[in-house]
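Input: a single structure, listed below in C-alpha cells.
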Amino acid sequence: MEVNTETIIQKSKFGRICVFCGSSQGNKSSYQEAAVDLGNELVSMNIDLVYGGGSIGLMGFVSQAVHDGGRHVIGVIPKTLMPRELTGETVGEVRAVADMHQRKAEMAKHSDAFIALPGGYGTLEELLEVITWAQLGIHDKPVGLLNVDGYYNSLLSFIDKAVEEGFISPNARQIIISAPTAKELVKKLEEYSPCHESVASKLCWEIERIGYSSED
C-alpha cells in the first residue's frame, strides 16, 4: 500500500471521519484499491480516521493508508474481539469498549461524518443506524456511500423504492450521499447541508440522554 506523498495537504471542515467497511477484502481488487484511495484522500484533506479496529479486510487497508500518511487513527473495538487471531492488530490508538452498542456510540461520538465502503451485514447495520439517527435528529452529520463498481446500487434502488412506496420521505432520502470515488464523495460530504425534517431536535435527544428535564 502506497501513500501519495506528493498530494498537496488541504484543510477540511472535518477533523475526523468514521469509516464503516468489511472485515473481508472482497473478491475484487477494486475494493481494496478503493479503501487505500479513501485513506489517501483523508490524508490529503488533513482528516483523521475513526474505524472499528483491527487490521483485517478493508478495515486494514484504509487504516494502514491513513496511518502511513501520518494522520491519527482511532480503532474502537469490543474487548471480546481484541484477540489478534480474530481481528489482527489495530493500527493507531486503540479504544476498547464493552460491546457492539458502545462501539457504535463511541465511533459516532468522535466523528464529524460517516463513510461506508463495501462490506457485509456489520457494515450495513452500522450504516443504516447512523442514517436513522440522522432522520431522528440525533445528529446532523453527513453520511456517504463509496459506491465502488456499483456495489451499493441495489441498496440505493431499495431506498428509492421505499420513497416511492411512502416509507421514506423524499427529504430523508437526501441524507444518503453516494459517489464512485473517494475524492468525489468527500467533496459532496463537505458540501452537504441537512434538508430533512428531524423527528425530534438534537437538543431534545441530548437532554434525554443525560436524563435532564427542564421541569426538575
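Chains: A, B, ... in order of the C-alpha cells. Residues: from 1 per chain. Ligands: from 1, in order shown.
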
| task | Would you kindly return, as a PyMOL selection string, each protein, DNA or RNA residue with an atom no farther than 12 Å from any atom of Ser178 of chain A, considering only C-alpha atoms and excluding same-chain residues fewer than 5 positions away? | result | chain A and resi 114-117+142-148+150-153+155-156+173+183-189+192

| task | Going by DSSP on the backbone, which bits of segment 12-41 of chain A are alpha helix (DSSP H)? Write them as a list in words, please. | result |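 Across segment 12-41 of chain A, those assigned alpha helix (DSSP H) are Ser29, Ser30, Tyr31, Gln32, Glu33, Ala34, Ala35, Val36, Asp37, Leu38, Gly39, Asn40 and Glu41 of chain A.
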
Save out the residues we just selected, N, CA, C and O atoms, as a CSV table (one decimal), in the first residue's frame.
```csv
chain,number,residue,atom,x,y,z
A,29,SER,N,-10.2,-6.7,-6.6
A,29,SER,CA,-9.1,-5.8,-6.1
A,29,SER,C,-9.5,-4.4,-6.1
A,29,SER,O,-8.9,-3.6,-5.3
A,30,SER,N,-10.6,-4.0,-6.8
A,30,SER,CA,-11.0,-2.6,-6.8
A,30,SER,C,-11.5,-2.2,-5.5
A,30,SER,O,-11.5,-1.0,-5.1
A,31,TYR,N,-12.0,-3.1,-4.7
A,31,TYR,CA,-12.5,-2.8,-3.3
A,31,TYR,C,-11.3,-2.4,-2.4
A,31,TYR,O,-11.4,-1.5,-1.7
A,32,GLN,N,-10.3,-3.2,-2.6
A,32,GLN,CA,-9.1,-2.9,-1.8
A,32,GLN,C,-8.4,-1.6,-2.2
A,32,GLN,O,-8.0,-0.8,-1.4
A,33,GLU,N,-8.4,-1.4,-3.5
A,33,GLU,CA,-7.8,-0.2,-4.0
A,33,GLU,C,-8.6,1.0,-3.6
A,33,GLU,O,-8.1,2.1,-3.2
A,34,ALA,N,-10.0,0.9,-3.5
A,34,ALA,CA,-10.8,2.0,-3.1
A,34,ALA,C,-10.6,2.3,-1.6
A,34,ALA,O,-10.6,3.5,-1.2
A,35,ALA,N,-10.3,1.3,-0.8
A,35,ALA,CA,-10.1,1.5,0.6
A,35,ALA,C,-8.8,2.3,0.8
A,35,ALA,O,-8.7,3.2,1.6
A,36,VAL,N,-7.7,2.0,0.0
A,36,VAL,CA,-6.5,2.7,0.1
A,36,VAL,C,-6.7,4.1,-0.5
A,36,VAL,O,-6.2,5.1,0.1
A,37,ASP,N,-7.4,4.2,-1.5
A,37,ASP,CA,-7.7,5.6,-2.1
A,37,ASP,C,-8.4,6.5,-1.1
A,37,ASP,O,-8.1,7.7,-1.0
A,38,LEU,N,-9.3,5.9,-0.4
A,38,LEU,CA,-10.1,6.7,0.6
A,38,LEU,C,-9.1,7.1,1.7
A,38,LEU,O,-9.1,8.2,2.2
A,39,GLY,N,-8.3,6.2,2.2
A,39,GLY,CA,-7.3,6.5,3.2
A,39,GLY,C,-6.4,7.7,2.7
A,39,GLY,O,-6.1,8.6,3.5
A,40,ASN,N,-5.9,7.6,1.5
A,40,ASN,CA,-5.1,8.6,0.9
A,40,ASN,C,-5.8,10.0,0.8
A,40,ASN,O,-5.2,11.0,1.0
A,41,GLU,N,-7.1,9.9,0.5
A,41,GLU,CA,-7.9,11.1,0.4
A,41,GLU,C,-8.1,11.8,1.7
A,41,GLU,O,-8.0,13.0,1.8
```

| query | DSSP says strand (DSSP E or B) for which residues of segment 55-196 of chain A? Put them as a list of chain:residue names? | reply | A:Val73, A:Ile74, A:Gly75, A:Val76, A:Ile77, A:Pro78, A:Glu93, A:Val94, A:Arg95, A:Ala96, A:Val97, A:Ala113, A:Phe114, A:Ile115, A:Ala116, A:Val143, A:Gly144, A:Leu145, A:Leu146, A:Ile176, A:Ile177, A:Ser178, A:Ala179

| query | Could you name the residues that touch segment 104-106 of chain A at 10 Å or less, counting only C-alpha atoms, but leaving out those on the same chain fewer than 2 positions away, as JSON, numbers by chain? | reply | {"A": [50, 51, 52, 76, 77, 95, 96, 97, 99, 100, 101, 102, 108, 109, 110, 111, 126, 129, 130]}

Write the selection just made, keeping C-alpha atoms, as an mmCIF file, in the first residue's frame?
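So part17.cif came out as:
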```cif
data_model
loop_
_atom_site.group_PDB
_atom_site.id
_atom_site.type_symbol
_atom_site.label_atom_id
_atom_site.label_comp_id
_atom_site.auth_asym_id
_atom_site.auth_seq_id
_atom_site.Cartn_x
_atom_site.Cartn_y
_atom_site.Cartn_z
ATOM 1 C CA VAL A 50 -12.174 6.526 13.270
ATOM 2 C CA TYR A 51 -12.880 2.884 12.451
ATOM 3 C CA GLY A 52 -13.833 -0.419 14.031
ATOM 4 C CA VAL A 76 -12.787 1.282 18.530
ATOM 5 C CA ILE A 77 -13.171 -2.409 19.285
ATOM 6 C CA ARG A 95 -10.136 2.246 22.403
ATOM 7 C CA ALA A 96 -11.574 -0.900 23.985
ATOM 8 C CA VAL A 97 -15.312 -0.931 24.716
ATOM 9 C CA ASP A 99 -19.895 -4.334 23.445
ATOM 10 C CA MET A 100 -21.046 -3.581 19.898
ATOM 11 C CA HIS A 101 -23.587 -0.967 21.018
ATOM 12 C CA GLN A 102 -20.934 1.021 22.863
ATOM 13 C CA ALA A 108 -20.130 8.277 16.241
ATOM 14 C CA LYS A 109 -19.165 10.475 19.190
ATOM 15 C CA HIS A 110 -15.654 11.068 17.868
ATOM 16 C CA SER A 111 -16.577 11.589 14.185
ATOM 17 C CA GLU A 126 -23.706 0.484 11.181
ATOM 18 C CA GLU A 129 -28.164 3.083 12.173
ATOM 19 C CA VAL A 130 -26.351 6.387 11.587
#
```

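When atom CA of Val73 of chain A is paired with atom CA of Leu49 of chain A, their separation reads 4.8 Å.
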
| Of the residues A:Gly122, A:Gly92, A:Gly15, A:Gly53, which is the one nearest to His67 of chain A, using only C-alpha atoms? |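 Comparing A:Gly122, A:Gly92, A:Gly15, A:Gly53 against His67 of chain A, the winner is A:Gly92.
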
| Gap from atom CA of Val66 of chain A to atom CA of Pro118 of chain A - Å, one decimal |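 Straight-line distance from atom CA of Val66 of chain A to atom CA of Pro118 of chain A works out to 17.8 Å.
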
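Going from atom CA of Pro78 of chain A over to atom CA of Gly57 of chain A, you cover 17.3 Å.
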